[in-house]
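Novice: Here you go, this is start_23.cif (mmCIF, C-alpha atoms).
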data_my_file
#
loop_
_atom_site.label_atom_id
_atom_site.label_comp_id
_atom_site.auth_asym_id
_atom_site.auth_seq_id
_atom_site.Cartn_x
_atom_site.Cartn_y
_atom_site.Cartn_z
CA MET A 1 211.40 188.50 154.20
CA TRP A 2 208.03 190.00 153.31
CA GLN A 3 206.51 187.97 156.11
CA PHE A 4 208.47 190.15 158.53
CA PHE A 5 206.65 193.23 157.21
CA VAL A 6 203.30 191.47 157.68
CA VAL A 7 204.27 190.72 161.30
CA LEU A 8 205.48 194.29 161.83
CA THR A 9 202.32 195.78 160.28
CA ALA A 10 200.11 193.54 162.43
CA CYS A 11 201.92 194.74 165.55
CA VAL A 12 201.68 198.42 164.51
CA CYS A 13 197.96 198.01 163.75
CA GLY A 14 197.46 196.39 167.18
CA LEU A 15 199.26 199.31 168.80
CA GLN A 16 197.14 201.80 166.85
CA ALA A 17 193.98 199.95 167.92
CA ILE A 18 194.67 200.87 171.55
CA GLN A 19 196.34 204.23 170.91
CA SER A 20 193.96 206.01 168.54
CA LYS A 21 191.75 208.55 170.26
CA LYS A 22 188.49 207.74 168.50
CA LEU A 23 186.83 204.42 169.32
CA SER A 24 185.62 203.93 165.74
CA HIS A 25 189.20 204.25 164.48
CA SER A 26 190.26 201.67 167.08
CA ALA A 27 187.66 199.26 165.72
CA LEU A 28 188.98 199.71 162.18
CA TRP A 29 192.60 199.20 163.28
CA LEU A 30 191.47 196.05 165.09
CA ALA A 31 189.86 194.81 161.87
CA LEU A 32 193.12 195.40 160.00
CA THR A 33 195.05 193.52 162.72
CA SER A 34 192.58 190.67 162.40
CA GLY A 35 193.07 190.54 158.63
CA LEU A 36 196.85 190.41 158.97
CA VAL A 37 196.66 187.76 161.71
CA SER A 38 194.46 185.66 159.45
CA LEU A 39 197.09 186.03 156.70
CA LEU A 40 199.73 184.75 159.14
CA ILE A 41 197.46 181.84 160.09
CA TYR A 42 197.08 181.03 156.39
CA LEU A 43 200.85 181.10 155.95
CA LEU A 44 201.17 178.67 158.87
CA GLY A 45 199.06 176.18 156.93
CA ALA A 46 195.58 176.55 158.42
CA PRO A 47 193.41 178.02 155.62
CA GLN A 48 190.05 177.09 157.20
CA ILE A 49 190.81 178.91 160.44
CA ALA A 50 192.24 181.83 158.46
CA VAL A 51 188.91 182.22 156.65
CA ILE A 52 186.93 181.91 159.89
CA GLU A 53 189.19 184.46 161.61
CA LEU A 54 188.88 186.84 158.66
CA SER A 55 185.11 186.61 158.46
CA VAL A 56 184.47 186.63 162.21
CA GLY A 57 187.33 188.79 163.50
CA ALA A 58 187.46 191.36 160.72
CA GLY A 59 183.79 191.09 159.75
CA VAL A 60 181.24 190.31 162.43
CA VAL A 61 183.11 191.69 165.45
CA THR A 62 184.01 194.93 163.66
CA ILE A 63 180.43 195.50 162.53
CA LEU A 64 179.15 194.84 166.04
CA LEU A 65 181.85 197.10 167.53
CA VAL A 66 180.95 199.96 165.18
CA PHE A 67 177.26 199.38 165.98
CA ALA A 68 177.95 199.48 169.74
CA ILE A 69 180.16 202.58 169.40
CA ASN A 70 177.37 204.23 167.40
CA ILE A 71 174.99 203.65 170.32
CA VAL A 72 177.30 204.60 173.20
CA GLY A 73 179.02 207.48 171.40
CA ASP A 74 182.65 208.10 170.56
CA GLN A 75 183.80 209.06 174.06
CA GLN A 76 187.21 210.43 174.86
CA GLU A 77 189.44 208.31 177.06
CA ALA A 78 189.83 209.34 180.71
CA LYS A 79 193.20 210.96 181.25
CA LYS A 80 194.37 209.06 184.31
CA PRO A 81 195.05 205.39 183.51
CA LEU A 82 193.90 202.58 185.82
CA VAL A 83 197.47 201.45 186.55
CA PRO A 84 200.39 203.92 186.15
CA LYS A 85 201.81 203.55 182.64
CA ALA A 86 205.38 202.94 183.87
CA ILE A 87 204.26 200.00 186.03
CA ALA A 88 202.14 198.62 183.18
CA ILE A 89 205.11 198.78 180.78
CA LEU A 90 207.33 197.05 183.35
CA VAL A 91 204.77 194.28 183.86
CA VAL A 92 204.34 193.80 180.10
CA PHE A 93 208.10 193.63 179.48
CA GLY A 94 208.48 191.20 182.38
CA ILE A 95 205.85 188.90 180.90
CA MET A 96 207.27 189.19 177.38
CA ILE A 97 210.85 188.42 178.51
CA LEU A 98 209.60 185.46 180.56
CA ILE A 99 207.70 183.98 177.61
CA SER A 100 210.35 184.73 174.98
CA SER A 101 213.13 183.20 177.09
CA THR A 102 211.33 179.88 176.94
CA LEU A 103 210.39 180.08 173.25
CA ILE A 104 213.09 181.79 171.13
CA PRO A 105 214.85 180.30 169.18
CA ILE A 106 212.08 177.89 168.41
CA LYS A 107 214.21 175.34 166.54
CA ASP A 108 216.18 174.30 169.63
CA HIS A 109 213.14 172.85 171.33
CA SER A 110 212.70 169.13 171.18
CA ILE A 111 208.98 168.71 171.65
CA SER A 112 207.79 165.22 172.37
CA VAL A 113 204.61 164.71 170.42
CA PRO A 114 202.24 161.96 171.53
CA LYS A 115 201.59 159.66 168.59
CA THR A 116 198.01 159.90 167.46
CA VAL A 117 196.17 158.94 164.32
CA SER A 118 196.19 161.97 162.03
CA LEU A 119 192.67 163.07 161.16
CA SER A 120 191.40 165.76 158.80
CA LEU A 121 189.79 168.88 160.26
CA SER A 122 186.21 167.78 159.52
CA GLU A 123 186.84 164.34 161.06
CA MET A 124 188.39 165.99 164.08
CA MET A 125 185.48 168.42 164.48
CA TRP A 126 182.57 166.04 163.89
CA GLN A 127 183.98 162.79 165.30
CA ASP A 128 186.83 163.29 167.71
CA ARG A 129 185.59 166.55 169.25
CA PHE A 130 181.88 166.22 168.50
CA LEU A 131 180.85 167.25 172.04
CA ASP A 132 182.90 170.44 171.71
CA THR A 133 181.26 171.32 168.40
CA LEU A 134 177.82 170.68 169.89
CA LEU A 135 178.68 172.92 172.83
CA GLN A 136 179.81 175.65 170.45
CA ILE A 137 176.49 175.52 168.61
CA ILE A 138 174.59 175.73 171.91
CA LEU A 139 176.83 178.61 173.03
CA ILE A 140 176.12 180.56 169.85
CA PHE A 141 172.35 180.20 170.33
CA THR A 142 172.68 181.18 174.00
CA CYS A 143 174.72 184.22 172.99
CA VAL A 144 172.11 185.32 170.44
CA LEU A 145 169.29 184.93 172.97
CA GLY A 146 171.29 186.70 175.69
CA THR A 147 172.12 189.56 173.35
CA LEU A 148 168.48 189.97 172.34
CA ILE A 149 167.42 190.08 175.99
CA LEU A 150 170.21 192.45 176.98
CA MET A 151 169.70 194.83 174.06
CA GLU A 152 166.02 195.23 174.82
CA ASP A 153 165.20 198.76 175.90
CA ARG A 154 163.10 198.33 179.05
CA ASN A 155 161.54 201.78 178.88
CA LYS A 156 160.22 201.15 175.38
CA SER A 157 158.81 197.76 176.31
CA LYS A 158 157.03 199.31 179.33
CA GLU A 159 155.53 201.97 177.07
CA ARG A 160 154.30 199.26 174.73
CA GLU A 161 152.65 197.41 177.61
CA LYS A 162 150.84 200.60 178.64
CA MET B 1 221.51 185.86 163.83
CA SER B 2 218.77 185.04 161.36
CA PHE B 3 215.10 184.74 162.23
CA SER B 4 213.04 181.95 160.76
CA PHE B 5 209.36 182.41 159.86
CA LEU B 6 208.31 180.62 163.04
CA ASP B 7 210.43 182.99 165.13
CA MET B 8 208.68 185.90 163.43
CA ILE B 9 205.31 184.41 164.38
CA VAL B 10 206.50 184.09 167.99
CA LEU B 11 207.50 187.76 167.80
CA ALA B 12 204.02 188.70 166.54
CA VAL B 13 202.39 186.62 169.30
CA LEU B 14 204.54 188.30 171.96
CA CYS B 15 203.89 191.81 170.63
CA LEU B 16 200.11 191.35 170.35
CA PHE B 17 200.01 189.70 173.78
CA GLY B 18 202.03 192.55 175.30
CA ILE B 19 199.84 195.21 173.67
CA GLY B 20 196.70 193.44 174.91
CA ILE B 21 197.97 193.15 178.50
CA TYR B 22 199.13 196.79 178.48
CA ALA B 23 195.73 197.96 177.25
CA LEU B 24 193.92 195.83 179.83
CA LEU B 25 196.05 197.32 182.60
CA THR B 26 195.75 200.96 181.58
CA MET B 27 192.43 201.46 179.76
CA ARG B 28 189.27 202.44 181.61
CA ASN B 29 186.77 202.52 178.74
CA LEU B 30 184.69 199.33 178.49
CA ILE B 31 184.79 199.22 174.67
CA ARG B 32 188.57 199.59 174.73
CA ILE B 33 188.79 196.71 177.20
CA ILE B 34 186.86 194.55 174.73
CA ILE B 35 189.28 195.60 171.96
CA ALA B 36 192.22 194.68 174.24
CA LEU B 37 190.65 191.26 174.89
CA GLN B 38 190.28 190.76 171.15
CA LEU B 39 193.97 191.51 170.61
CA LEU B 40 194.93 189.07 173.37
CA VAL B 41 192.81 186.30 171.88
CA LYS B 42 194.21 186.91 168.39
CA SER B 43 197.70 186.32 169.74
CA VAL B 44 196.53 183.16 171.47
CA ILE B 45 194.89 181.82 168.28
CA LEU B 46 198.11 182.48 166.36
CA PHE B 47 200.06 180.66 169.04
CA VAL B 48 197.74 177.64 169.01
CA ILE B 49 198.15 177.34 165.23
CA LEU B 50 201.93 177.75 165.60
CA ALA B 51 201.97 174.95 168.19
CA GLY B 52 199.98 172.74 165.80
CA ASN B 53 202.44 173.54 163.01
CA ILE B 54 205.46 172.63 165.16
CA THR B 55 204.02 169.43 166.59
CA GLY B 56 202.45 168.34 163.31
CA GLN B 57 198.92 168.15 164.74
CA MET B 58 197.28 170.78 162.61
CA ALA B 59 193.77 169.29 162.72
CA LEU B 60 193.69 169.34 166.52
CA ALA B 61 195.14 172.86 166.62
CA GLN B 62 192.61 174.10 164.05
CA SER B 63 189.65 172.64 165.92
CA MET B 64 190.96 174.19 169.15
CA ALA B 65 191.39 177.54 167.39
CA ALA B 66 187.81 177.34 166.08
CA THR B 67 186.59 176.81 169.65
CA VAL B 68 188.64 179.80 170.83
CA ILE B 69 187.25 182.00 168.03
CA VAL B 70 183.65 181.05 168.93
CA ALA B 71 184.21 181.67 172.67
CA ASP B 72 186.00 184.95 171.98
CA THR B 73 183.24 186.23 169.71
CA ILE B 74 180.60 185.37 172.31
CA VAL B 75 182.58 187.19 175.01
CA ALA B 76 182.94 190.24 172.73
CA VAL B 77 179.24 190.33 171.79
CA LEU B 78 178.03 189.92 175.37
CA GLY B 79 180.59 192.49 176.55
CA MET B 80 179.33 194.98 173.99
CA THR B 81 175.68 194.47 174.93
CA LEU B 82 176.59 194.89 178.61
CA ALA B 83 178.53 198.06 177.76
CA VAL B 84 175.50 199.44 175.89
CA GLN B 85 173.20 198.70 178.85
CA ILE B 86 175.69 200.19 181.34
CA LYS B 87 175.91 203.32 179.20
CA ARG B 88 172.12 203.58 179.15
CA LYS B 89 171.87 203.14 182.91
CA THR B 90 174.85 205.13 184.22
CA ASN B 91 175.62 207.35 181.21
CA SER B 92 179.29 206.40 181.47
CA LEU B 93 181.64 203.75 180.16
CA ASP B 94 184.41 204.44 182.67
CA THR B 95 185.14 201.42 184.86
CA LYS B 96 185.82 203.69 187.86
CA ASP B 97 182.49 205.46 187.51
CA ILE B 98 180.44 202.30 187.38
CA ALA B 99 182.16 200.57 190.32
CA SER B 100 179.66 200.39 193.14
CA LEU B 101 182.03 198.72 195.62
CA ARG B 102 184.09 201.44 197.31
CA ARG B 103 187.50 200.79 198.77
#
What is this structure when it is put down as structure tokens?

Specialist:
Amino acid sequence: MWQFFVVLTACVCGLQAIQSKKLSHSALWLALTSGLVSLLIYLLGAPQIAVIELSVGAGVVTILLVFAINIVGDQQEAKKPLVPKAIAILVVFGIMILISSTLIPIKDHSISVPKTVSLSLSEMMWQDRFLDTLLQIILIFTCVLGTLILMEDRNKSKEREK
Amino acid sequence: MSFSFLDMIVLAVLCLFGIGIYALLTMRNLIRIIIALQLLVKSVILFVILAGNITGQMALAQSMAATVIVADTIVAVLGMTLAVQIKRKTNSLDTKDIASLRR
């Protein structure tokens, strides 16, 4: 039963992440959501991904978010939303009902699983999906380079040239 | 009517997905949009792991989830750097203020 409270807390934290007025508070609520989601992932039997999610989702992304918020300032949200809130709620409930009608209760589904040789995670990552892993490594390097280029303050670099 | 643990996970996925979509539809601040995207992706990761658990292909699901986490982090980092540059250039993070295409 305690799992239900974890699920409930994760949802409340997610709601707080978009509802709190200060951006820095939102970042912290998001970190808490990430931690609870990683706990749920661990309970589902994927400890490696739980650790990655905890370190990346609750660690790196939160630090970068706080850093970015520190630069741009803790602005107040504009009062008028992009889409009227009533329409947004209707759309969200429509999507949620559509998805839940196909999923709940989950036991009744007879899923046909294609028979494959069961591999461990490391075998899957470095043998079966090696190209994917390689692409991820390249993507990370591209992201770092792109971030360095984007974060560069052009005015300062011009001053240096002078 | 009793809920199993997997049903609870589906509930969490639905709630986080709904919150993320709602935030994407209503928020105008660029940083908040990134936070909404993060929430959406968290629900998707949870769902991928749940699918792996149900079908018994946890290794495949975990490797897929790792790919999603990497892609999501890259999107978040690049989004944040773009937001910082936009703030420096236009002094605003509002999506309506920075839109140059007028209707």

Novice: Take the PyMOL selection byres ((chain A) within 6 of (chain B)), run it mentally on this structure, and tell me the resulting residues as a list in words.

Specialist: Val7, Pro81, Leu82, Val83, Ala88, Val92, Ser120 and Leu121 of chain A

Novice: Output as AutoDock Vina command-line options the centre and edge lengths (Å, one decimal) of the box along x, y and z of the file that holds every listed atom of region 17-31 of chain B after adding 5 Å on each side.

Specialist:
--center_x 193.4 --center_y 196.1 --center_z 178.1 --size_x 27.3 --size_y 22.8 --size_z 18.9

Novice: How many Å lie between CA of Cys11 (chain A) and CA of Val37 (chain A), rounded to one decimal?

Specialist: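 Result for CA of Cys11 (chain A) versus CA of Val37 (chain A): 9.5 Å, one decimal.
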
Novice: Select, from A:Pro84, A:Gly14, A:Gly94, A:Gly35, the residue with the minimum atom-to-atom distance to Ser55 (chain A), counting all atoms listed in the file.

Specialist: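 Counting all atoms listed in the file, the residue closest to Ser55 (chain A) is A:Gly35.
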
Novice: Figure out the distance between CA of Ala27 (chain A) and CA of Ala50 (chain A), please, to one decimal in Å.

Specialist: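 Result for CA of Ala50 (chain A) versus CA of Ala27 (chain A): 19.4 Å, one decimal.
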
Novice: Work out how far apart CA of Thr62 (chain A) and CA of Leu39 (chain A) are and give it in Å to one decimal.

Specialist: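 About the pair CA of Thr62 (chain A) and CA of Leu39 (chain A): they are 17.3 Å apart.
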
Novice: Residues picked by the PyMOL selection byres ((chain A and resi 70) around 12) here, as a VMD selection string?

Specialist: (chain A and resid 22 to 24 27 63 to 69 71 to 75) or (chain B and resid 31 80 84 87)
